[in-house]
Every structure is written in structure tokens, then in C-alpha cells.
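As provided, protein_29.txt (compact mmCIF, C-alpha atoms) reads as follows.
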```txt
# COMPACT_ATOMS: atom_id res chain seq x y z
CA MET C 183 0.00 0.00 0.00
CA VAL C 184 1.41 3.37 -1.06
CA ILE C 185 0.70 6.26 1.33
CA ILE C 186 0.52 9.63 -0.41
CA TYR C 187 1.07 12.60 1.86
CA GLY C 188 -0.04 16.13 1.14
CA THR C 189 2.34 19.04 0.65
CA ILE C 190 3.05 22.10 2.75
CA THR C 191 3.79 25.54 1.31
CA GLU C 192 5.21 28.30 3.50
CA TYR C 193 4.09 31.94 3.45
CA MET C 194 4.29 34.93 5.76
CA GLY C 195 1.04 35.57 7.59
CA THR C 196 1.61 39.29 8.12
CA ALA C 197 4.21 41.79 6.96
CA TYR C 198 5.70 44.94 8.48
CA THR C 199 5.65 47.30 5.51
CA GLY C 200 6.12 50.93 4.57
CA ARG C 201 2.32 51.23 4.66
CA GLY C 202 1.76 49.58 8.04
CA ILE C 203 1.17 46.01 9.19
CA ALA C 204 -0.42 44.16 6.28
CA HIS C 205 -2.02 40.76 5.72
CA LYS C 206 -4.15 38.90 3.17
CA TYR C 207 -6.28 36.99 5.66
CA ASP C 208 -9.43 38.91 4.74
CA THR C 209 -9.54 37.34 1.27
CA LEU C 210 -9.15 33.84 2.71
CA ILE C 211 -11.85 34.45 5.31
CA ALA C 212 -14.19 35.74 2.61
CA THR C 213 -13.76 32.68 0.38
CA ALA C 214 -13.06 29.73 2.74
CA GLN C 215 -15.89 27.25 3.31
CA LYS C 216 -14.94 27.04 6.99
CA THR C 217 -12.88 29.44 9.11
CA VAL C 218 -11.92 28.76 12.71
CA PHE C 219 -10.94 31.87 14.70
CA LEU C 220 -8.62 31.01 17.60
CA LYS C 221 -8.84 33.77 20.19
CA ALA C 222 -6.04 34.02 22.73
CA PRO C 223 -3.39 36.35 24.18
CA PRO C 224 0.06 36.26 22.50
CA SER C 225 1.30 32.69 22.89
CA ASN C 226 3.73 30.24 21.36
CA ALA C 227 1.41 27.39 22.29
CA LEU C 228 -1.09 28.10 19.51
CA SER C 229 1.70 27.66 16.95
CA ASP C 230 2.06 24.05 18.13
CA VAL C 231 -1.71 23.54 17.89
CA LEU C 232 -1.72 24.81 14.31
CA ASN C 233 1.32 22.71 13.37
CA ASP C 234 -0.35 19.59 14.78
CA ALA C 235 -3.47 20.37 12.76
CA ALA C 236 -1.37 20.85 9.62
CA ALA C 237 0.36 17.50 10.19
CA HIS C 238 -3.07 15.86 10.68
CA PHE C 239 -4.20 16.97 7.22
CA ILE C 240 -0.89 16.37 5.43
CA LYS C 241 -0.86 12.74 6.62
CA ARG C 242 -4.31 12.36 5.09
CA GLY C 243 -3.14 13.60 1.71
CA PHE C 244 -4.29 17.22 1.88
CA ASP C 245 -2.18 20.16 0.70
CA VAL C 246 -1.67 22.85 3.34
CA ASP C 247 -0.56 26.48 3.22
CA ARG C 248 1.20 27.52 6.42
CA PHE C 249 1.41 31.18 7.39
CA ASN C 250 4.37 32.16 9.57
CA ASN C 251 4.96 35.07 11.94
CA PRO C 252 7.69 37.48 10.72
CA VAL C 253 8.64 38.34 14.32
CA ASP C 254 9.51 34.65 14.75
CA PRO C 255 9.40 32.97 11.30
CA ASP C 256 9.42 29.51 12.92
CA ASN C 257 6.06 30.25 14.58
CA THR C 258 2.81 29.45 12.78
CA ASP C 259 -0.04 31.99 12.80
CA ALA C 260 -2.49 30.20 10.49
CA ILE C 261 -3.03 27.26 8.15
CA PHE C 262 -5.22 26.85 5.08
CA VAL C 263 -6.21 23.35 3.93
CA ARG C 264 -6.67 23.88 0.21
CA ASP C 265 -8.70 20.82 -0.76
CA LEU C 266 -11.13 21.37 2.10
CA ASP C 267 -11.23 25.17 1.85
CA LEU C 268 -10.59 25.24 5.62
CA PHE C 269 -8.83 28.20 7.24
CA ILE C 270 -7.64 28.18 10.87
CA LEU C 271 -5.91 31.24 12.31
CA GLN C 272 -4.76 33.02 15.42
CA ALA C 273 -7.33 35.81 15.26
CA SER C 274 -6.25 38.02 18.18
CA HIS C 275 -2.54 38.47 17.59
CA PRO C 276 -0.64 39.82 15.68
CA VAL C 277 -3.80 41.11 13.93
CA SER C 278 -7.29 41.14 15.39
CA LEU C 279 -9.96 39.63 13.13
CA GLU C 280 -13.61 38.93 13.93
CA PRO C 281 -16.09 36.40 12.48
CA ALA C 282 -18.95 37.71 10.37
CA GLU C 283 -20.89 34.45 9.97
CA LEU C 284 -21.12 32.82 13.40
CA GLY C 285 -23.32 29.74 13.23
CA GLY C 286 -22.46 29.42 9.54
CA ARG C 287 -19.04 29.32 7.94
CA HIS C 288 -17.29 30.84 10.96
CA HIS C 289 -16.49 29.27 14.31
CA VAL C 290 -14.69 30.73 17.34
CA ILE C 291 -12.67 28.89 19.97
CA SER C 292 -11.53 31.11 22.84
CA PHE C 293 -8.40 30.13 24.77
CA TYR C 294 -8.51 33.11 27.12
CA ASP C 295 -9.86 31.06 30.03
CA ALA C 296 -6.95 28.60 29.57
CA PHE C 297 -4.57 31.11 31.19
CA ASP C 298 -4.18 31.45 34.97
CA GLU C 299 -5.18 35.05 35.78
CA GLY C 300 -3.47 34.88 39.17
CA LYS C 301 -0.10 34.12 37.60
CA LEU C 302 -0.57 36.90 35.07
CA GLN C 303 -1.65 39.41 37.70
CA ALA C 304 1.49 38.63 39.70
CA ARG C 305 3.55 39.89 36.75
CA SER C 306 1.17 42.55 35.47
CA THR C 307 3.40 45.54 36.32
CA GLU C 308 6.38 43.93 34.62
CA MET C 309 4.26 42.98 31.58
CA THR C 310 2.77 46.47 31.26
CA ALA C 311 6.24 47.99 31.13
CA PHE C 312 7.31 45.52 28.44
CA VAL C 313 4.16 46.18 26.38
CA GLU C 314 4.75 49.93 26.53
CA GLU C 315 8.37 49.54 25.46
CA SER C 316 7.36 47.09 22.74
CA ASN C 317 4.81 49.55 21.34
CA LYS C 318 7.41 52.35 21.30
CA VAL C 319 9.88 50.19 19.38
CA LEU C 320 7.15 49.04 16.98
CA LEU C 321 6.26 52.66 16.20
CA LYS C 322 9.92 53.46 15.49
CA MET C 323 10.19 50.42 13.24
CA MET C 324 7.08 51.32 11.26
CA ASN C 325 8.28 54.92 10.88
CA ALA C 326 11.62 53.67 9.55
CA MET C 327 9.82 51.41 7.06
CA SER C 328 7.63 54.31 5.95
CA ASP C 329 10.74 56.46 5.41
CA ALA C 330 12.39 53.58 3.50
CA LEU C 331 9.38 53.32 1.19
CA ARG C 332 9.47 57.05 0.40
CA ILE C 333 13.20 56.83 -0.38
CA HIS C 334 12.59 53.72 -2.49
CA ASP C 335 9.94 55.63 -4.46
CA ASP C 336 12.57 58.30 -5.24
CA TRP C 337 14.93 55.52 -6.35
CA GLU C 338 12.28 54.15 -8.70
CA GLN C 339 11.60 57.56 -10.24
CA VAL C 340 15.21 57.88 -11.36
CA ASN C 341 15.03 54.56 -13.21
CA ILE C 342 11.51 55.13 -14.55
CA ALA C 343 12.82 58.20 -16.39
CA ARG C 344 15.47 56.16 -18.25
CA MET C 345 13.47 53.02 -19.05
CA MET C 346 12.69 51.97 -22.63
CA TRP C 347 8.98 51.57 -21.98
CA MET C 348 7.98 50.73 -25.55
CA GLU C 349 10.32 47.74 -25.52
CA HIS C 350 9.01 46.86 -22.05
CA GLU C 351 5.43 46.77 -23.36
CA GLN C 352 6.52 44.67 -26.34
CA LEU C 353 8.14 42.19 -23.95
CA ILE C 354 4.88 41.90 -21.98
CA GLU C 355 2.92 41.21 -25.19
CA SER C 356 5.51 38.62 -26.23
CA LEU C 357 5.22 36.86 -22.87
CA LYS C 358 1.41 36.83 -23.10
CA LYS C 359 1.62 35.01 -26.44
CA GLU C 360 4.28 32.60 -25.20
CA LEU C 361 2.59 31.75 -21.91
CA PHE C 362 -1.05 31.68 -22.96
CA GLY C 363 -1.19 31.31 -26.74
CA SER C 364 -4.85 30.86 -27.68
CA MET C 365 -5.73 29.31 -24.33
CA ASN C 366 -9.15 30.12 -22.87
CA LEU C 367 -10.43 27.86 -20.10
CA HIS C 368 -14.06 29.11 -20.24
CA LYS C 369 -14.32 29.37 -16.46
CA LYS C 370 -13.86 32.05 -13.86
CA SER C 371 -10.29 32.44 -12.69
CA THR C 372 -9.61 31.70 -9.02
CA VAL C 373 -7.46 34.55 -7.71
CA SER C 374 -5.38 34.21 -4.53
CA HIS C 375 -3.19 36.70 -2.67
CA ARG C 376 -0.26 35.75 -0.47
CA ILE C 377 2.64 37.40 1.36
CA ALA C 378 5.91 35.83 0.27
CA GLY C 379 8.16 37.69 2.71
CA SER C 380 8.62 40.44 5.26
CA LEU C 381 11.12 42.23 7.44
CA SER C 382 12.16 39.91 10.27
CA PRO C 383 14.63 40.20 13.19
CA GLY C 384 17.40 38.90 10.92
CA GLY C 385 16.52 41.24 8.04
CA SER C 386 14.46 40.44 4.96
CA ARG C 387 13.00 36.91 5.04
CA ASP C 388 10.98 35.24 2.31
CA PHE C 389 9.56 31.83 1.38
CA LEU C 390 9.95 32.06 -2.41
CA PRO C 391 11.73 28.67 -2.65
CA SER C 392 8.84 26.93 -0.88
CA ILE C 393 6.21 28.75 -2.95
CA THR C 394 7.83 28.11 -6.33
CA SER C 395 9.54 24.73 -5.85
CA ARG C 396 6.78 22.64 -7.41
CA MET C 397 6.52 24.72 -10.58
CA LYS C 398 8.05 23.09 -13.67
CA ARG C 399 9.00 26.47 -15.14
CA ARG C 400 10.40 29.30 -13.04
CA ILE C 401 11.15 32.66 -14.64
CA LEU C 402 13.48 34.76 -12.48
CA MET C 403 13.11 38.47 -13.15
CA LYS C 404 16.26 40.58 -12.88
CA GLY C 405 15.71 44.31 -12.89
CA LEU C 406 16.49 47.53 -11.07
CA SER C 407 13.98 49.35 -8.89
CA GLY C 408 11.43 51.10 -11.10
CA THR C 409 12.04 48.93 -14.19
CA GLY C 410 8.48 47.64 -14.29
CA LYS C 411 8.75 44.19 -12.68
CA SER C 412 5.56 44.64 -10.66
CA THR C 413 3.77 46.24 -13.62
CA MET C 414 4.68 43.28 -15.82
CA LEU C 415 3.48 40.74 -13.25
CA LYS C 416 0.17 42.58 -12.79
CA LYS C 417 -0.50 42.76 -16.53
CA LEU C 418 0.35 39.10 -17.09
CA GLY C 419 -1.83 38.19 -14.12
CA LYS C 420 -4.78 40.16 -15.48
CA GLU C 421 -4.39 38.45 -18.85
CA ALA C 422 -4.42 35.05 -17.13
CA GLU C 423 -7.55 36.04 -15.20
CA ARG C 424 -9.24 37.12 -18.44
CA ARG C 425 -8.59 33.67 -19.90
CA GLY C 426 -9.97 31.83 -16.86
CA ILE C 427 -6.53 30.71 -15.63
CA ASP C 428 -6.07 30.54 -11.85
CA VAL C 429 -3.64 33.13 -10.47
CA LEU C 430 -1.73 33.58 -7.24
CA TYR C 431 -0.23 37.02 -6.62
CA GLY C 432 2.50 37.39 -4.01
CA TRP C 433 4.54 40.26 -2.63
CA CYS C 434 7.42 40.80 -0.26
CA GLY C 435 7.49 43.30 2.53
CA LEU C 436 8.06 46.92 1.72
CA ASP C 437 5.01 47.83 -0.37
CA PRO C 438 1.78 45.77 -0.16
CA THR C 439 0.45 47.46 -3.33
CA SER C 440 3.28 45.97 -5.37
CA VAL C 441 3.53 42.43 -6.81
CA ASP C 442 6.71 40.37 -6.57
CA LEU C 443 5.39 36.95 -7.61
CA LEU C 444 2.94 35.58 -10.17
CA LEU C 445 2.13 31.89 -9.93
CA LEU C 446 0.00 30.06 -12.51
CA PRO C 447 -0.54 26.58 -11.01
CA GLU C 448 -2.53 25.16 -13.94
CA LEU C 449 0.40 25.95 -16.26
CA SER C 450 3.02 25.00 -13.63
CA VAL C 451 4.67 28.38 -14.33
CA CYS C 452 5.77 31.17 -12.03
CA LEU C 453 7.51 34.50 -12.50
CA PHE C 454 9.08 36.33 -9.58
CA ASP C 455 11.33 39.25 -8.73
CA ALA C 456 14.69 37.60 -8.03
CA THR C 457 16.62 40.76 -7.15
CA GLN C 458 17.57 42.27 -3.78
CA PRO C 459 16.34 41.97 -1.08
CA HIS C 460 15.16 38.53 -2.28
CA GLU C 461 17.92 37.66 -4.73
CA TYR C 462 17.85 34.21 -6.34
CA ASP C 463 19.71 32.57 -9.22
CA PRO C 464 18.66 29.64 -11.42
CA GLU C 465 18.77 26.29 -9.61
CA SER C 466 17.88 23.92 -12.46
CA PRO C 467 18.17 23.82 -16.27
CA LEU C 468 14.44 24.65 -16.44
CA ASP C 469 14.90 27.97 -14.61
CA GLU C 470 15.08 31.05 -16.83
CA ILE C 471 16.34 34.60 -16.41
CA LEU C 472 14.16 37.48 -17.61
CA ASP C 473 16.46 40.48 -18.01
CA LEU C 474 14.93 43.92 -17.51
CA VAL C 475 18.21 45.62 -16.63
CA SER C 476 19.07 45.94 -20.33
CA LEU C 477 15.90 48.02 -20.88
CA CYS C 478 17.24 50.70 -18.52
CA MET C 479 19.48 53.15 -20.43
CA GLU C 480 22.90 53.97 -19.01
CA ASP C 481 23.14 57.43 -17.47
CA ALA C 482 26.11 58.49 -15.33
CA GLU C 483 24.17 61.28 -13.62
CA ALA C 484 21.33 58.90 -12.76
CA GLU C 485 23.81 56.33 -11.39
CA GLU C 486 25.35 58.94 -9.12
CA LYS C 487 21.94 59.99 -7.85
CA ILE C 488 20.97 56.34 -7.24
CA GLY C 489 24.16 55.80 -5.26
CA GLU C 490 23.12 58.54 -2.83
CA ILE C 491 19.53 57.30 -2.62
CA SER C 492 20.67 53.70 -2.14
CA SER C 493 22.82 54.67 0.86
CA MET C 494 19.90 56.46 2.53
CA TYR C 495 17.59 53.52 1.82
CA LYS C 496 20.00 50.94 3.27
CA GLU C 497 20.42 53.08 6.40
CA LYS C 498 16.64 53.18 6.98
CA ILE C 499 16.32 49.42 6.43
CA MET C 500 19.14 48.83 8.92
CA ASP C 501 17.32 51.05 11.43
CA ALA C 502 14.07 49.14 10.86
CA THR C 503 15.86 45.79 11.26
CA GLY C 504 17.39 46.91 14.55
CA TYR C 505 14.00 48.01 15.85
CA MET C 506 12.47 44.73 14.64
CA HIS C 507 15.11 42.80 16.59
CA ALA C 508 14.26 44.73 19.77
CA TYR C 509 10.53 44.35 19.11
CA ALA C 510 10.93 40.58 18.63
CA GLN C 511 12.77 40.28 21.94
CA SER C 512 9.89 42.00 23.77
CA GLU C 513 7.25 39.97 21.95
CA ASN C 514 9.03 36.68 22.64
CA TRP C 515 9.36 37.56 26.32
CA LEU C 516 5.63 38.31 26.56
CA ARG C 517 4.77 35.03 24.83
CA GLU C 518 6.97 33.10 27.25
CA VAL C 519 5.29 34.75 30.25
CA MET C 520 1.87 33.92 28.82
CA ASP C 521 2.86 30.32 28.16
CA GLN C 522 4.02 29.92 31.76
CA ALA C 523 0.47 30.82 32.85
CA ILE C 524 -1.27 28.18 30.72
CA VAL C 525 -3.67 25.89 32.57
CA ARG C 526 -2.71 22.75 30.71
CA LYS C 527 -5.92 20.79 31.30
CA THR C 528 -8.14 23.62 30.06
CA PHE C 529 -5.85 24.31 27.11
CA GLU C 530 -6.00 20.66 26.03
CA GLU C 531 -9.80 20.70 26.29
CA LYS C 532 -9.88 23.68 23.93
CA THR C 533 -7.54 21.86 21.54
CA ARG C 534 -9.88 18.85 21.51
CA GLN C 535 -12.75 21.21 20.62
CA LEU C 536 -10.75 22.27 17.57
CA SER C 537 -10.02 18.65 16.62
CA LYS C 538 -13.71 17.75 16.78
CA TRP C 539 -14.80 20.79 14.79
CA ILE C 540 -12.33 20.48 11.92
CA ASP C 541 -13.21 16.79 11.46
CA LEU C 542 -16.91 17.58 10.95
```

Same coordinates, now as C-alpha cells:
Amino acid sequence: MVIIYGTITEYMGTAYTGRGIAHKYDTLIATAQKTVFLKAPPSNALSDVLNDAAAHFIKRGFDVDRFNNPVDPDNTDAIFVRDLDLFILQASHPVSLEPAELGGRHHVISFYDAFDEGKLQARSTEMTAFVEESNKVLLKMMNAMSDALRIHDDWEQVNIARMMWMEHEQLIESLKKELFGSMNLHKKSTVSHRIAGSLSPGGSRDFLPSITSRMKRRILMKGLSGTGKSTMLKKLGKEAERRGIDVLYGWCGLDPTSVDLLLLPELSVCLFDATQPHEYDPESPLDEILDLVSLCMEDAEAEEKIGEISSMYKEKIMDATGYMHAYAQSENWLREVMDQAIVRKTFEEKTRQLSKWIDL
């Protein structure tokens, strides 16, 4: 007897960006057949619960998307079981989300009463001080990311002015013909949105290898800031949608309005930005390089200006990374204090409630 296990694909659950803390959970909640909202204070213990649930489904042959926490990328914040359209998430932290269809597609399991209030009260003064410091550091980090985004926009403008946009548009049209030909699937495209990476305590962290590893054809885009990588991915994605082809859009970190990844699972094709801060090179003979650098005209004055902008940008990212490191230390300390106050019997009862509900 051959046992076929499901697969697991890693994503970031949230991202600390130049436009604030961002996520794509709302689209999953809106489309999932079942969503389980796990309500609890910050805790490492729920990550184990979610990992156990993921393992349960993988062993039964289901494919699972796992959403990690950028503050601690080894911690799981949510899972989505694709074949069952089942979404389970920590819905109180790091982002607060509420059910809209209780008694229907949405179910809530509260773990708040699984924590010993007496133990928490004994450390309340200490915890309050840590929370205040954590919030201060978070604000500094988000301000640094906002500044970095503004500087990055200036960087893009310099390159936008020297791009050969007619050739860029011709390349997009050429790719449309190559990828899609006369294909029309006569169905509505399923569109998904994911976060591929975010700022983390160790700097930029992404899961592009996990997301793209099962694609037969990977097209690695090499281009400078402002050379139309995101524009190209959006236009190719819209063309795929028009033809009824399923599309997954992904992005990394700094700007949640941008697109860094386009995945077309029915074609087993993906295109992604493979330049800094998520730089990748071909790993197999089937990987391809898409060069956009050559469409950016050489200009000594522009290069000098970019050198200055690049230095300012790197400085802001270093500041943000330092603040993220301090923020992660505070958050991890708070989680450890919370975990020490867990009433194990009550917590396990809540976990069994989840097991019963997801097996319905």
C-alpha cells in the first residue's frame, strides 16, 4: 500500500511594511468554506496547535498552506487546507480579526480562560512595562519602514525616467503570447493573494523557494527598482484572469500594493522578482532569467543619484531591522510569560474542541 502525503507551502502571515502592518487573511476568510478563529493572548502554544493540525491533514493527503509570523518565522499563525477550503488562524494576535458568519461558515474557539489570571496578575506591572516599550519600538520600526518606502519611491523615479517603456510593453505582449497562446479555459479564474516575505529580526526573510519549488517552469526576473517588474506581473496576471486561468499574486514586505510573484498553477509556471532583497539565481536547467536591466538606459548622472539614494535607503532598512530585533525580543518575552500561565488541562480541552470541529 502506497501512502501519499499532502504538501506544505510556506508563506508569511503578516508583513511589516512601509504602509503599516499588512495581511491577506481577509480574502481567505471571505472565500473559505470554513474558518476557525482562535482567540487568545500572544502565545507560542497556539503555533504548536496549528502545526499539529497541519500535520493531521498532510498525513491524510491534503495540501496545506502555512502562514508564519515574521517576528519569529518559525512560529505558525495560520493554516489553510486547500482541498477542504478550511482556514484556521490566530485571530487576536498579531492582527485582530472577527467572524462575520457565526453559526455558519465561521467558528470561534476562545483560549482566554486557559490562562491562569493569578499568575498573570502577579507579573502585570512587569508585563505592562514591556508592552509599553514594545509599542514604542514598533512605532519606530514602522516609521523607519515608511521612510524607506518614500526613499525607495525616489529611487524608482530615477530609473523610470530612463526606461525603454515601448520595448518593455513589447516584452509583456511577447510573454502573453508565449505563456497563454490561444488558451481560454471558459471558467472564472480563481485569484489568490499571499505574502511571500517580510522584514524579520534577521533582516528580509521570504519563502519564495517553498512557494515556487513545485513549478516546472520558473522565470526569475532581474531588474532595477522602477524597471516595471511589478507592472509586468500585474499585466500578465490580469491576462491570465481574463482567460480563466487561476492566479496567485505574491509580494514581499516593503510595499503591499506591489507584486513580486505571479504563480500560474494550472500551467506550472511562475515568474518572480529575483533581485535584492530577495535575490535568487537559477537552480535547475528549467529555470530562466528574464532580463529587464538591459531596458534601462545607461546614465552616469542617474547612477550617481541612485548611489546617494541607495545609501539612505539601506540606512533606513538597517534602522528598521534593529528596531524589529528589539521588538521581537519584547514579543518573545511576553509570549513566554503567557505560556508559563497556561492551565494545561483547560488548554487541552480547547484543543480537543478544535479537533472535533475540523473533522466535521

CA of Ala204 in chain C to CA of Ser440 in chain C, straight-line distance in Å: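 Computed distance, CA of Ser440 in chain C to CA of Ala204 in chain C, equals 12.4 Å.
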
CA of Gln272 in chain C to CA of Thr258 in chain C, straight-line distance in Å: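 CA of Gln272 in chain C lies 8.8 Å from CA of Thr258 in chain C.
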
Straight-line distance linking CA of Leu361 in chain C with CA of Thr413 in chain C, stated in Å to one decimal: 16.7 Å

Residue nearest Ile261 in chain C - candidates C:Ile186, C:Val475, C:Ala273, C:Leu453, atoms counted: all atoms listed in the file: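 Answer, going by the shortest atom-to-atom distance: C:Ala273.
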
Within 8 Å of Ser328 in chain C using only C-alpha atoms, minus same-chain residues under 4 positions, as a ChimeraX atom specification: /C:199-202,324,332

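Comparing C:Leu516, C:Met323, C:Ile354, C:Ala456 by their smallest distance to Glu308 in chain C, the closest is C:Leu516 (using all atoms listed in the file).
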
Polymer residues at most 12 Å from Gln522 in chain C, all atoms listed in the file, same-chain spacing of 6 or more positions, as a list in words: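 The contact residues come out as Pro224, Ser225, Asn226, Ala227, Ala296, Phe297, Asp298, Glu299, Gly300, Lys301, Leu302, Arg305, Trp515 and Leu516 of chain C.
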
Closest of C:Ala236, C:Val451, C:Leu331, C:Leu477 to Leu406 in chain C - atom-to-atom distances counting only C-alpha atoms: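 Smallest separation from Leu406 in chain C among the options: C:Leu477.
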
Test item: residues at most 9 Å from Ser374 in chain C, all atoms listed in the file, excluding those fewer than 2 positions along its chain, as a PyMOL selection string: chain C and resi 209-210+372+376+428-432

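Among the candidate residues C:Tyr462, C:Trp347, C:Trp539, C:Trp433, the one lying nearest to Met403 in chain C is C:Tyr462, with distances computed using all atoms listed in the file.
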
Which residue of C:Leu415, C:Leu474, C:Ile491, C:Ile190 approaches Glu349 in chain C most closely, using only C-alpha atoms: C:Leu474

From C:Pro447, C:Leu418, C:Gly405, C:Lys216, residue lying nearest Lys359 in chain C [all atoms listed in the file]: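 Between C:Pro447, C:Leu418, C:Gly405, C:Lys216, the residue approaching Lys359 in chain C most closely is C:Leu418.
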